[in-house]
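> Got my_file_7.cif for you, mmCIF, C-alpha atoms and all ligand atoms:
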data_protein
#
loop_
_atom_site.label_atom_id
_atom_site.label_comp_id
_atom_site.auth_asym_id
_atom_site.auth_seq_id
_atom_site.Cartn_x
_atom_site.Cartn_y
_atom_site.Cartn_z
CA MET Z 1 23.72 -41.40 45.48
CA CYS Z 2 25.80 -43.03 42.81
CA ALA Z 3 27.11 -46.41 43.94
CA THR Z 4 30.11 -46.39 41.63
CA CYS Z 5 31.77 -43.25 42.86
CA GLY Z 6 29.81 -42.31 45.96
CA CYS Z 7 28.99 -38.85 44.73
CA ASP Z 8 25.76 -36.93 44.39
CA ALA Z 9 24.48 -35.15 41.33
CA GLU Z 10 21.17 -33.54 40.61
CA GLY Z 11 18.62 -34.38 37.98
CA LYS Z 12 18.46 -37.13 35.50
CA VAL Z 13 21.36 -37.71 33.16
CA THR Z 14 21.37 -40.27 30.40
CA MET Z 15 24.19 -41.77 28.38
CA HIS Z 16 23.92 -43.32 24.96
CA GLU Z 17 26.34 -45.62 23.26
CA PRO Z 18 25.44 -48.09 20.56
CA GLY Z 19 23.90 -51.01 22.48
CA HIS Z 20 24.34 -49.46 25.90
CA GLN Z 21 22.19 -47.36 28.17
CA HIS Z 22 22.74 -46.09 31.69
CA GLU Z 23 20.50 -44.00 33.91
CA HIS Z 24 20.82 -42.66 37.42
CA ASP Z 25 18.28 -41.35 39.78
CA HIS Z 26 19.72 -39.47 42.70
CA GLY Z 27 17.58 -38.81 45.72
CA HIS Z 28 18.05 -37.60 49.24
CA GLN Z 29 16.21 -38.67 52.31
CA HIS Z 30 17.07 -37.83 55.86
CA ASP Z 31 14.95 -38.57 58.88
CA HIS Z 32 15.99 -37.35 62.29
CA SER Z 33 14.04 -36.79 65.42
CA HIS Z 34 15.60 -36.48 68.83
CA ASP Z 35 16.62 -33.71 71.22
CA HIS Z 36 19.44 -31.47 70.14
CA HIS Z 37 21.61 -28.70 71.48
CA ARG Z 38 22.33 -25.61 69.52
CA LYS Z 39 25.93 -25.40 68.35
CA VAL Z 40 28.18 -23.70 65.87
CA VAL Z 41 29.95 -25.98 63.40
CA ASP Z 42 32.91 -24.93 61.28
CA VAL Z 43 32.60 -26.35 57.77
CA GLU Z 44 35.12 -24.49 55.58
CA LYS Z 45 34.42 -26.44 52.44
CA ASP Z 46 34.49 -25.30 48.83
CA VAL Z 47 31.02 -25.61 47.39
CA LEU Z 48 32.32 -27.42 44.33
CA HIS Z 49 34.75 -29.67 46.21
CA GLN Z 50 32.82 -32.82 45.25
CA ASN Z 51 33.10 -31.92 41.57
CA ASP Z 52 36.74 -30.93 42.00
CA LEU Z 53 37.58 -34.25 43.69
CA LEU Z 54 36.05 -36.18 40.82
CA ALA Z 55 37.76 -33.93 38.30
CA GLU Z 56 41.09 -34.73 39.95
CA ARG Z 57 40.21 -38.39 39.78
CA ASN Z 58 39.52 -38.06 36.04
CA ARG Z 59 42.75 -36.13 35.62
CA GLY Z 60 44.71 -38.85 37.38
CA TYR Z 61 43.21 -41.46 35.09
CA PHE Z 62 44.03 -39.38 32.00
CA ASP Z 63 47.59 -38.77 33.18
CA ALA Z 64 48.18 -42.42 33.96
CA LYS Z 65 47.06 -43.44 30.48
CA ASN Z 66 48.64 -40.45 28.77
CA ILE Z 67 45.27 -39.32 27.42
CA LEU Z 68 45.03 -35.71 26.26
CA ALA Z 69 41.58 -34.58 27.43
CA LEU Z 70 40.23 -31.33 25.95
CA ASN Z 71 37.06 -29.56 27.06
CA LEU Z 72 35.43 -27.69 24.15
CA VAL Z 73 33.12 -24.87 25.18
CA SER Z 74 31.14 -22.30 23.18
CA SER Z 75 27.72 -20.83 22.56
CA PRO Z 76 25.36 -23.10 20.65
CA GLY Z 77 26.28 -23.11 16.96
CA SER Z 78 29.84 -21.75 17.08
CA GLY Z 79 31.10 -24.89 15.40
CA LYS Z 80 32.33 -27.31 18.07
CA THR Z 81 30.97 -30.36 16.31
CA ALA Z 82 32.05 -29.07 12.90
CA LEU Z 83 35.61 -28.61 14.19
CA LEU Z 84 35.60 -32.13 15.56
CA GLU Z 85 34.27 -33.58 12.30
CA ARG Z 86 37.06 -31.88 10.34
CA THR Z 87 39.75 -32.83 12.85
CA LEU Z 88 38.72 -36.46 13.17
CA THR Z 89 38.65 -36.82 9.41
CA ASP Z 90 41.84 -34.89 8.61
CA LEU Z 91 43.98 -36.47 11.33
CA LYS Z 92 42.69 -39.99 10.96
CA GLY Z 93 45.62 -42.38 11.19
CA GLN Z 94 47.90 -39.73 12.75
CA LEU Z 95 46.32 -39.61 16.20
CA GLN Z 96 43.87 -41.81 18.02
CA PHE Z 97 40.65 -40.11 19.15
CA CYS Z 98 37.48 -40.60 21.08
CA VAL Z 99 34.72 -38.14 21.86
CA ILE Z 100 32.26 -37.39 24.64
CA GLU Z 101 29.32 -35.32 23.38
CA GLY Z 102 27.28 -33.23 25.81
CA ASP Z 103 23.87 -31.87 24.86
CA GLN Z 104 20.63 -31.38 26.71
CA GLN Z 105 18.73 -33.53 24.22
CA THR Z 106 19.26 -35.73 21.13
CA THR Z 107 22.14 -37.86 19.90
CA ASN Z 108 22.56 -35.75 16.74
CA ASP Z 109 26.12 -34.69 17.49
CA ALA Z 110 27.18 -38.19 18.53
CA ASP Z 111 25.73 -39.44 15.24
CA ARG Z 112 27.79 -36.85 13.33
CA ILE Z 113 30.94 -37.98 15.15
CA HIS Z 114 30.07 -41.65 14.71
CA ALA Z 115 29.87 -41.04 10.96
CA THR Z 116 33.59 -40.16 10.97
CA GLY Z 117 34.35 -43.62 12.36
CA THR Z 118 35.33 -42.34 15.81
CA LYS Z 119 34.33 -43.89 19.14
CA VAL Z 120 31.78 -41.59 20.77
CA VAL Z 121 29.41 -41.46 23.73
CA GLN Z 122 26.56 -38.97 24.05
CA ILE Z 123 25.64 -37.52 27.43
CA ASN Z 124 22.19 -35.94 27.60
CA THR Z 125 21.99 -33.60 30.55
CA GLY Z 126 18.22 -33.04 30.34
CA LYS Z 127 17.72 -29.60 31.88
CA GLY Z 128 21.37 -29.45 32.95
CA CYS Z 129 23.25 -26.57 31.36
CA HIS Z 130 26.79 -27.98 31.72
CA LEU Z 131 28.73 -31.20 32.00
CA ASP Z 132 30.26 -32.02 35.34
CA ALA Z 133 33.10 -34.29 36.42
CA HIS Z 134 30.69 -36.99 37.57
CA MET Z 135 29.08 -37.32 34.13
CA VAL Z 136 32.48 -37.44 32.49
CA LEU Z 137 33.66 -40.11 34.92
CA HIS Z 138 30.84 -42.40 33.85
CA ALA Z 139 31.18 -41.57 30.19
CA VAL Z 140 34.88 -42.45 30.40
CA GLN Z 141 34.05 -45.74 32.09
CA GLY Z 142 31.79 -46.52 29.15
CA ILE Z 143 34.02 -45.38 26.32
CA LYS Z 144 37.38 -46.51 27.77
CA PRO Z 145 39.73 -44.22 25.83
CA ALA Z 146 42.87 -45.94 24.56
CA GLU Z 147 46.28 -45.09 26.02
CA ASN Z 148 48.02 -42.18 24.30
CA SER Z 149 44.76 -41.03 22.67
CA VAL Z 150 43.09 -37.64 22.43
CA LEU Z 151 39.73 -37.32 24.21
CA PHE Z 152 37.51 -34.47 23.03
CA ILE Z 153 34.73 -33.48 25.41
CA GLU Z 154 32.16 -31.27 23.67
CA ASN Z 155 30.38 -29.41 26.45
CA VAL Z 156 26.78 -28.20 26.39
CA GLY Z 157 26.49 -25.07 24.22
CA ASN Z 158 26.61 -22.32 26.84
CA LEU Z 159 29.25 -19.69 27.55
CA VAL Z 160 28.36 -19.24 31.22
CA CYS Z 161 27.58 -22.34 33.20
CA PRO Z 162 30.34 -24.76 32.10
CA ALA Z 163 33.01 -22.28 33.21
CA MET Z 164 32.90 -23.31 36.87
CA PHE Z 165 32.97 -27.04 36.36
CA ASP Z 166 36.36 -28.66 36.04
CA LEU Z 167 36.00 -31.96 34.19
CA GLY Z 168 39.59 -33.06 34.69
CA GLU Z 169 40.62 -31.78 31.28
CA LYS Z 170 44.17 -30.81 30.39
CA GLU Z 171 43.16 -27.79 28.33
CA ARG Z 172 39.96 -25.84 27.88
CA VAL Z 173 39.27 -24.60 24.37
CA VAL Z 174 36.72 -21.81 23.90
CA ILE Z 175 35.29 -21.37 20.42
CA ILE Z 176 33.58 -18.27 19.08
CA SER Z 177 32.53 -17.53 15.53
CA VAL Z 178 32.76 -14.29 13.61
CA THR Z 179 28.97 -14.02 13.48
CA GLU Z 180 28.82 -13.59 17.25
CA GLY Z 181 30.18 -10.07 17.73
CA ASP Z 182 33.59 -8.93 18.91
CA ASP Z 183 32.51 -8.16 22.48
CA LYS Z 184 31.89 -11.81 23.41
CA PRO Z 185 35.01 -12.02 25.61
CA LEU Z 186 33.82 -9.02 27.63
CA LYS Z 187 30.27 -10.28 27.93
CA TYR Z 188 31.31 -13.79 28.99
CA PRO Z 189 34.71 -13.18 30.58
CA ASP Z 190 34.80 -16.24 32.83
CA MET Z 191 34.94 -18.68 29.97
CA PHE Z 192 37.82 -16.79 28.37
CA TYR Z 193 39.54 -16.47 31.72
CA SER Z 194 39.40 -20.22 32.35
CA SER Z 195 40.43 -21.34 28.85
CA THR Z 196 43.90 -21.81 27.46
CA LEU Z 197 43.07 -21.64 23.74
CA CYS Z 198 40.51 -19.54 21.90
CA ILE Z 199 39.45 -20.57 18.42
CA ILE Z 200 37.79 -17.94 16.25
CA ASN Z 201 35.78 -19.95 13.73
CA LYS Z 202 33.94 -19.19 10.48
CA THR Z 203 36.54 -16.79 9.09
CA ASP Z 204 35.10 -17.59 5.64
CA LEU Z 205 32.17 -15.35 6.65
CA LEU Z 206 34.34 -12.31 7.48
CA PRO Z 207 33.46 -10.50 4.22
CA TYR Z 208 29.77 -10.64 5.12
CA VAL Z 209 29.66 -9.63 8.77
CA PRO Z 210 30.96 -6.67 10.77
CA PHE Z 211 33.56 -8.30 13.01
CA ASP Z 212 36.71 -6.57 14.14
CA MET Z 213 39.28 -9.36 14.49
CA GLU Z 214 41.84 -7.14 16.22
CA LYS Z 215 39.29 -5.88 18.70
CA VAL Z 216 38.12 -9.35 19.68
CA LYS Z 217 41.72 -10.43 20.24
CA ILE Z 218 42.41 -7.39 22.39
CA ASN Z 219 39.24 -8.02 24.38
CA ALA Z 220 40.11 -11.68 24.89
CA LYS Z 221 43.64 -10.78 26.02
CA LYS Z 222 42.26 -8.22 28.46
CA VAL Z 223 40.47 -11.02 30.23
CA ASN Z 224 43.28 -13.57 29.93
CA HIS Z 225 46.70 -12.40 28.84
CA LYS Z 226 47.93 -16.00 28.52
CA LEU Z 227 45.20 -17.03 26.09
CA GLU Z 228 46.39 -18.41 22.75
CA ILE Z 229 44.22 -17.52 19.76
CA ILE Z 230 43.79 -19.34 16.45
CA GLU Z 231 41.58 -18.10 13.61
CA LEU Z 232 40.17 -20.71 11.28
CA SER Z 233 37.30 -21.83 9.11
CA CYS Z 234 35.90 -25.33 9.34
CA THR Z 235 34.18 -24.74 6.02
CA ASN Z 236 37.07 -23.73 3.77
CA GLY Z 237 39.85 -25.21 5.92
CA GLU Z 238 41.79 -21.97 6.29
CA GLY Z 239 43.86 -21.94 9.52
CA LEU Z 240 43.15 -25.55 10.41
CA ASP Z 241 46.84 -26.45 10.11
CA ARG Z 242 47.63 -24.16 13.05
CA TRP Z 243 45.00 -25.90 15.16
CA TYR Z 244 46.44 -29.27 14.17
CA ASP Z 245 49.94 -28.08 15.09
CA TRP Z 246 48.66 -26.89 18.46
CA LEU Z 247 46.95 -30.21 19.05
CA LYS Z 248 49.99 -32.26 18.11
CA SER Z 249 52.20 -30.11 20.32
CA LYS Z 250 49.99 -31.03 23.29
CA VAL Z 251 50.12 -34.75 22.67
CA LEU Z 252 52.93 -36.18 24.75
CA VAL Z 253 54.68 -38.85 22.79
CA PRO Z 254 55.21 -41.82 25.10
CA GLU Z 255 58.83 -42.74 25.66
CA THR Z 256 59.75 -45.81 23.70
CA VAL Z 257 62.58 -47.48 25.56
CA MET W 1 21.43 -22.18 35.14
CA HIS W 2 24.37 -23.50 37.13
CA GLU W 3 23.18 -21.71 40.28
CA LEU W 4 20.90 -24.66 40.97
CA SER W 5 23.86 -27.08 40.91
CA ILE W 6 25.64 -24.76 43.31
CA VAL W 7 22.71 -24.58 45.69
CA LEU W 8 22.34 -28.37 45.61
CA SER W 9 26.04 -28.76 46.42
CA ILE W 10 25.65 -26.38 49.35
CA ILE W 11 22.67 -28.36 50.63
CA ASP W 12 24.67 -31.60 50.36
CA ILE W 13 27.65 -30.19 52.21
CA ALA W 14 25.50 -28.67 54.94
CA GLN W 15 23.31 -31.73 55.46
CA GLN W 16 26.24 -34.12 55.54
CA GLN W 17 27.88 -31.98 58.19
CA ALA W 18 24.67 -31.59 60.20
CA ILE W 19 24.04 -35.33 60.16
CA LYS W 20 27.59 -35.90 61.34
CA GLU W 21 26.82 -33.58 64.25
CA ASP W 22 23.64 -35.55 64.92
CA ALA W 23 21.57 -32.40 64.43
CA ALA W 24 17.93 -32.18 63.41
CA VAL W 25 17.83 -28.72 61.89
CA ILE W 26 20.19 -26.17 60.48
CA GLU W 27 19.32 -22.80 61.96
CA GLU W 28 21.91 -20.74 60.17
CA ILE W 29 24.39 -21.15 57.33
CA GLU W 30 27.27 -18.85 56.49
CA ILE W 31 28.50 -18.83 52.90
CA ASP W 32 31.26 -16.89 51.12
CA ILE W 33 30.40 -15.90 47.57
CA GLY W 34 33.09 -13.92 45.80
CA CYS W 35 31.95 -11.15 43.47
CA LEU W 36 33.98 -12.73 40.63
CA SER W 37 32.59 -16.21 41.16
CA THR W 38 30.03 -16.21 38.29
CA VAL W 39 27.16 -16.71 40.69
CA GLU W 40 24.26 -14.53 39.65
CA MET W 41 22.55 -13.67 42.94
CA ASN W 42 18.99 -13.43 41.61
CA ALA W 43 19.28 -16.87 40.06
CA PHE W 44 20.92 -18.11 43.26
CA ASP W 45 18.07 -16.83 45.44
CA PHE W 46 15.48 -18.32 43.15
CA ALA W 47 17.23 -21.69 43.09
CA TRP W 48 17.64 -21.54 46.86
CA GLN W 49 13.94 -21.01 47.52
CA GLN W 50 13.04 -23.99 45.37
CA ALA W 51 15.78 -26.34 46.47
CA VAL W 52 15.77 -26.02 50.26
CA LYS W 53 12.17 -27.18 50.56
CA GLU W 54 12.00 -30.33 52.69
CA THR W 55 15.69 -30.21 53.53
CA MET W 56 17.37 -29.40 56.83
CA LEU W 57 18.00 -25.93 55.44
CA GLU W 58 14.36 -25.13 54.83
CA LYS W 59 14.14 -22.65 57.72
CA ALA W 60 17.81 -21.75 57.92
CA GLU W 61 18.89 -18.15 58.02
CA ARG W 62 21.46 -17.38 55.33
CA LYS W 63 24.46 -15.24 56.02
CA ILE W 64 26.18 -14.48 52.73
CA ASN W 65 29.55 -12.74 52.71
CA ARG W 66 30.20 -11.09 49.36
CA ILE W 67 33.94 -10.83 48.84
CA ASN W 68 35.11 -8.11 46.51
CA GLY W 69 37.48 -8.87 43.67
CA LYS W 70 41.16 -8.09 44.20
CA ALA W 71 44.02 -8.50 41.76
CA ARG W 72 47.78 -8.22 41.70
CA CYS W 73 49.53 -6.72 38.70
CA SER W 74 52.44 -8.96 37.76
CA GLY W 75 54.15 -5.98 36.13
CA CYS W 76 54.21 -3.45 38.95
CA GLU W 77 53.23 -5.77 41.80
CA VAL W 78 50.49 -3.50 43.14
CA PHE W 79 47.25 -4.90 44.51
CA PHE W 80 44.02 -3.27 43.39
CA PRO W 81 40.26 -3.85 43.49
CA LEU W 82 38.99 -5.75 40.46
CA LYS W 83 35.38 -5.26 39.46
CA ASN W 84 35.51 -7.00 36.11
CA LEU W 85 37.88 -9.64 34.82
CA TYR W 86 38.85 -7.29 31.99
CA ASP W 87 39.86 -4.35 34.20
CA ALA W 88 43.36 -2.98 33.72
CA CYS W 89 45.98 -2.27 36.35
CA PRO W 90 45.33 1.31 37.52
CA LYS W 91 49.06 2.03 37.66
CA CYS W 92 50.45 0.72 34.38
CA GLY W 93 47.25 0.14 32.40
CA GLU W 94 48.23 -3.43 31.51
CA HIS W 95 46.12 -6.56 31.89
CA LEU W 96 48.88 -8.81 33.22
CA ILE W 97 47.01 -9.54 36.40
CA ASP W 98 46.44 -12.39 38.82
CA ILE W 99 43.22 -12.62 40.76
CA VAL W 100 43.87 -12.98 44.47
CA GLU W 101 40.37 -12.56 45.91
CA GLY W 102 36.79 -12.67 44.69
CA LYS W 103 36.54 -16.21 43.31
CA GLU W 104 35.49 -17.74 46.67
CA LEU W 105 32.57 -20.10 46.87
CA ARG W 106 32.65 -21.75 50.29
CA VAL W 107 30.42 -22.98 53.05
CA ARG W 108 31.96 -21.40 56.14
CA SER W 109 29.91 -22.57 59.08
CA LEU W 110 26.56 -23.75 60.36
CA ILE W 111 24.51 -23.30 63.46
CA VAL W 112 22.70 -26.56 64.06
CA SER W 113 20.41 -27.93 66.72
N1 LIG K 1 30.26 -20.69 7.21
C1 LIG K 1 30.67 -21.52 8.17
N2 LIG K 1 29.78 -22.27 8.85
C2 LIG K 1 30.25 -23.11 9.80
C3 LIG K 1 31.63 -23.21 10.11
N3 LIG K 1 31.78 -24.09 11.12
C4 LIG K 1 30.53 -24.53 11.42
N4 LIG K 1 29.60 -23.94 10.63
C5 LIG K 1 28.15 -24.14 10.66
O1 LIG K 1 27.63 -23.65 11.89
C6 LIG K 1 26.52 -24.43 12.31
C7 LIG K 1 26.72 -24.92 13.72
O2 LIG K 1 27.84 -25.77 13.77
P1 LIG K 1 28.00 -26.91 14.89
O3 LIG K 1 29.27 -27.59 14.64
O4 LIG K 1 26.77 -27.76 14.95
O5 LIG K 1 28.06 -26.01 16.21
P2 LIG K 1 28.08 -26.44 17.76
O6 LIG K 1 26.72 -26.18 18.29
O7 LIG K 1 29.10 -25.55 18.41
O8 LIG K 1 28.49 -27.88 17.82
C8 LIG K 1 26.41 -25.57 11.30
O9 LIG K 1 25.40 -25.25 10.39
C9 LIG K 1 27.78 -25.60 10.65
O10 LIG K 1 27.74 -26.09 9.33
C10 LIG K 1 32.56 -22.40 9.35
O11 LIG K 1 33.78 -22.41 9.54
N5 LIG K 1 32.02 -21.56 8.41
MG MG K 2 27.56 -29.53 18.77
ZN ZN K 3 50.60 -2.67 36.65
#
Show how you would write the structure in this file as structure tokens.

Amino acid sequence: MCATCGCDAEGKVTMHEPGHQHEHDHGHQHDHSHDHHRKVVDVEKDVLHQNDLLAERNRGYFDAKNILALNLVSSPGSGKTALLERTLTDLKGQLQFCVIEGDQQTTNDADRIHATGTKVVQINTGKGCHLDAHMVLHAVQGIKPAENSVLFIENVGNLVCPAMFDLGEKERVVIISVTEGDDKPLKYPDMFYSSTLCIINKTDLLPYVPFDMEKVKINAKKVNHKLEIIELSCTNGEGLDRWYDWLKSKVLVPETV
Amino acid sequence: MHELSIVLSIIDIAQQQAIKEDAAVIEEIEIDIGCLSTVEMNAFDFAWQQAVKETMLEKAERKINRINGKARCSGCEVFFPLKNLYDACPKCGEHLIDIVEGKELRVRSLIVS
């Protein structure tokens, strides 16, 4: 049981920030022994309601502070961290950022983000295959994003498990790369269904790999007809301006009275 | 896989409710799992066997209702069964659909004693 928010989560999750460490151990123990009558109890509860409650709590916090929270999901190696490195460098001074990095092990990605001069916290999920709202709640308490900033949450590299877990984000961005095959949206439809933007990365490699851009777009739209799609390359910079335009269009400028 | 998180959430919900009812054991649990809910049943069963050990659900009988996917075409307003998220409307062939059933993941009821 976590004393801060009263929620339960499994396993051992660790957070790393320069000069700060935080660990939880969650256990359960229930002892009961008296006479009981058999009875039927209506429960009617969504299995993920605890996560969803915390996600709403995160969302409320983000809304109140006008923080644009984005959940970045992809297979391992599609270029989530590379996209962040480019974005944080190119838009430095235009927008204010901070980053939550999720990986099973290591602080490698947080170190890459830190090198751009951006505030970052690394969550290590251990065996956990996704971030959940509880982890993000604590990471946010540690990193304290500024008002009117953009918060990137890089999820654990996995196109299946993170799909079900709302973190309280405003938009979910799914990234695939041209080396992954054009049937990805059909193989992992839930992630495409639950995202609002799809980034197709590594377009600089198109001459070298068989990848049918039209087909992947059609497949993605079959799963989610509202999905926006942006093609880009983090390596040669092609298409990044459209991603930056999208990002800026989502940032609500606070009213200056 | 995320099935373990799901099983652990189910155990939490069930035990909290059973404790509230001042029960000692959960004899039966009824769960809705929609066919479009991304729960892989083999992984779920495996996680279940491991996770219920030494909980009030250890001996519980599981009743799982699988709820088939159902969608509504926003073009022609017909309802139709949806097996995959990428299925087209059988009438107009478009993918402008809304899912109306099949995403359920709920603990319905318990029998406790
Ligand atoms: N050719 C090419 N390589 C890229 C591009 N974006 C990322 N990469 C490479 O892909 C690998 C994985 O990228 P990374 O950002 O760590 O992926 P993540 O696991 O999704 O965070 C790294 O070696 C990157 O340099 C791109 O646009 N083009
Ligand atoms: Mg990464
Ligand atoms: Zn139709």
> Select residues of chain Z: the criterion is any atom within 6 Å of an atom of chain W, counting all atoms listed in the file; output as a PyMOL selection string.
chain Z and resi 32+36-47+161+222-223
> So which residues are near ligand MG 2 (chain K), meaning at most 12 Å away with only C-alpha atoms and all ligand atoms counted, given back as an MDAnalysis selection string?
chainID Z and resid 72:85 99:113 122:123 152:158 175
> What does the structure give for the distance between CA of Leu206 in chain Z and atom P1 of ligand LIG 1 (chain K), in Å to one decimal?
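Taking CA of Leu206 in chain Z as the start and atom P1 of ligand LIG 1 (chain K) as the end point, the length is 17.6 Å.
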> Quick one: residues within 9 Å of ligand ZN 3 (chain K), with all atoms listed in the file, as a PyMOL selection string?
chain W and resi 72-79+88-97
> Between CA of Ala69 in chain Z and CA of Gln96 in chain Z, what is the spacing in Å?
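Between CA of Gln96 in chain Z and CA of Ala69 in chain Z the gap is 12.1 Å.
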> Using only C-alpha atoms and all ligand atoms, which of Z:Glu180, Z:Asp132, Z:Asp190, Z:Glu228 sits nearest ligand LIG 1 (chain K)?
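Selected residue with least distance to ligand LIG 1 (chain K): Z:Glu180.
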> Applying 6 Å and only C-alpha atoms, which residues near range 233-241 of chain Z remain after dropping the ones on its own chain fewer than 3 positions away? List them as a list in words.
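My list of contacting residues is Leu83, Asn201, Lys202, Thr203, Asp204 and Tyr244 of chain Z.
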> Out of Z:Ala163, Z:Ile176, Z:Ala115, Z:Leu95, which residue has the shortest atom-to-atom distance to ligand LIG 1 (chain K) when counting all atoms listed in the file?
Z:Ile176
> Which polymer residues have any atom within 10 Å of an atom of Val209 in chain Z, counting only C-alpha atoms, with same-chain residues fewer than 2 positions away left out, as a list in words?
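Counting only the stated atoms, we get Val178, Thr179, Glu180, Gly181, Thr203, Leu205, Leu206, Pro207, Phe211 and Asp212 of chain Z.
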> Padding 8 Å on every side, please: axis-aligned box over the listed atoms of ligand LIG 1 (chain K), centre and edge lengths to one decimal in Å, as AutoDock Vina command-line options.

--center_x 29.6 --center_y -24.3 --center_z 12.8 --size_x 24.4 --size_y 23.2 --size_z 27.2
> CA of Gly142 in chain Z to CA of Cys98 in chain Z: how many Å, to one decimal?
11.5 Å
> Show me, as a PyMOL selection string, the residues that have an atom within 7 Å of Cys35 in chain W when counting all atoms listed in the file, minus same-chain residues fewer than 4 positions from it.
chain W and resi 66-69+102-103
> Taking only C-alpha atoms and all ligand atoms into account, name the residue in Z:Arg86, Z:Lys226, Z:His134, Z:Lys119 that is nearest to ligand LIG 1 (chain K).
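Of Z:Arg86, Z:Lys226, Z:His134, Z:Lys119, the one nearest ligand LIG 1 (chain K), counting only C-alpha atoms and all ligand atoms, is Z:Arg86.
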> Using only C-alpha atoms and all ligand atoms, which of the listed residues (Z:Thr125, Z:Thr14, Z:Asn58, Z:Ser177) sits closest to ligand LIG 1 (chain K)?
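Among Z:Thr125, Z:Thr14, Z:Asn58, Z:Ser177, it is Z:Ser177 that comes nearest to ligand LIG 1 (chain K).
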> Rank nothing, just name the residue among Z:Leu167, Z:Lys221, Z:Thr87, Z:Lys144 nearest to ligand LIG 1 (chain K), using only C-alpha atoms and all ligand atoms.
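Residue with the minimum atom-to-atom distance to ligand LIG 1 (chain K): Z:Thr87.
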> Starting from the structure just given, write a file holding range 4-20 of chain W with C-alpha atoms, as a PDB file, in the first residue's frame.

ATOM      1  CA  LEU W   4      -0.460 -10.116 -14.352  1.00  0.00           C
ATOM      2  CA  SER W   5      -1.319  -6.497 -13.493  1.00  0.00           C
ATOM      3  CA  ILE W   6      -4.900  -7.243 -14.449  1.00  0.00           C
ATOM      4  CA  VAL W   7      -5.080 -10.353 -12.295  1.00  0.00           C
ATOM      5  CA  LEU W   8      -3.567  -8.457  -9.359  1.00  0.00           C
ATOM      6  CA  SER W   9      -6.163  -5.709  -9.770  1.00  0.00           C
ATOM      7  CA  ILE W  10      -8.926  -8.316  -9.781  1.00  0.00           C
ATOM      8  CA  ILE W  11      -7.541  -9.866  -6.599  1.00  0.00           C
ATOM      9  CA  ASP W  12      -7.415  -6.433  -4.940  1.00  0.00           C
ATOM     10  CA  ILE W  13     -10.974  -5.580  -5.897  1.00  0.00           C
ATOM     11  CA  ALA W  14     -12.296  -8.968  -4.812  1.00  0.00           C
ATOM     12  CA  GLN W  15     -10.440  -9.068  -1.500  1.00  0.00           C
ATOM     13  CA  GLN W  16     -11.391  -5.524  -0.571  1.00  0.00           C
ATOM     14  CA  GLN W  17     -15.023  -6.359  -1.206  1.00  0.00           C
ATOM     15  CA  ALA W  18     -14.833  -9.673   0.663  1.00  0.00           C
ATOM     16  CA  ILE W  19     -13.215  -8.021   3.674  1.00  0.00           C
ATOM     17  CA  LYS W  20     -15.948  -5.398   3.647  1.00  0.00           C
TER      18      LYS W  20
END
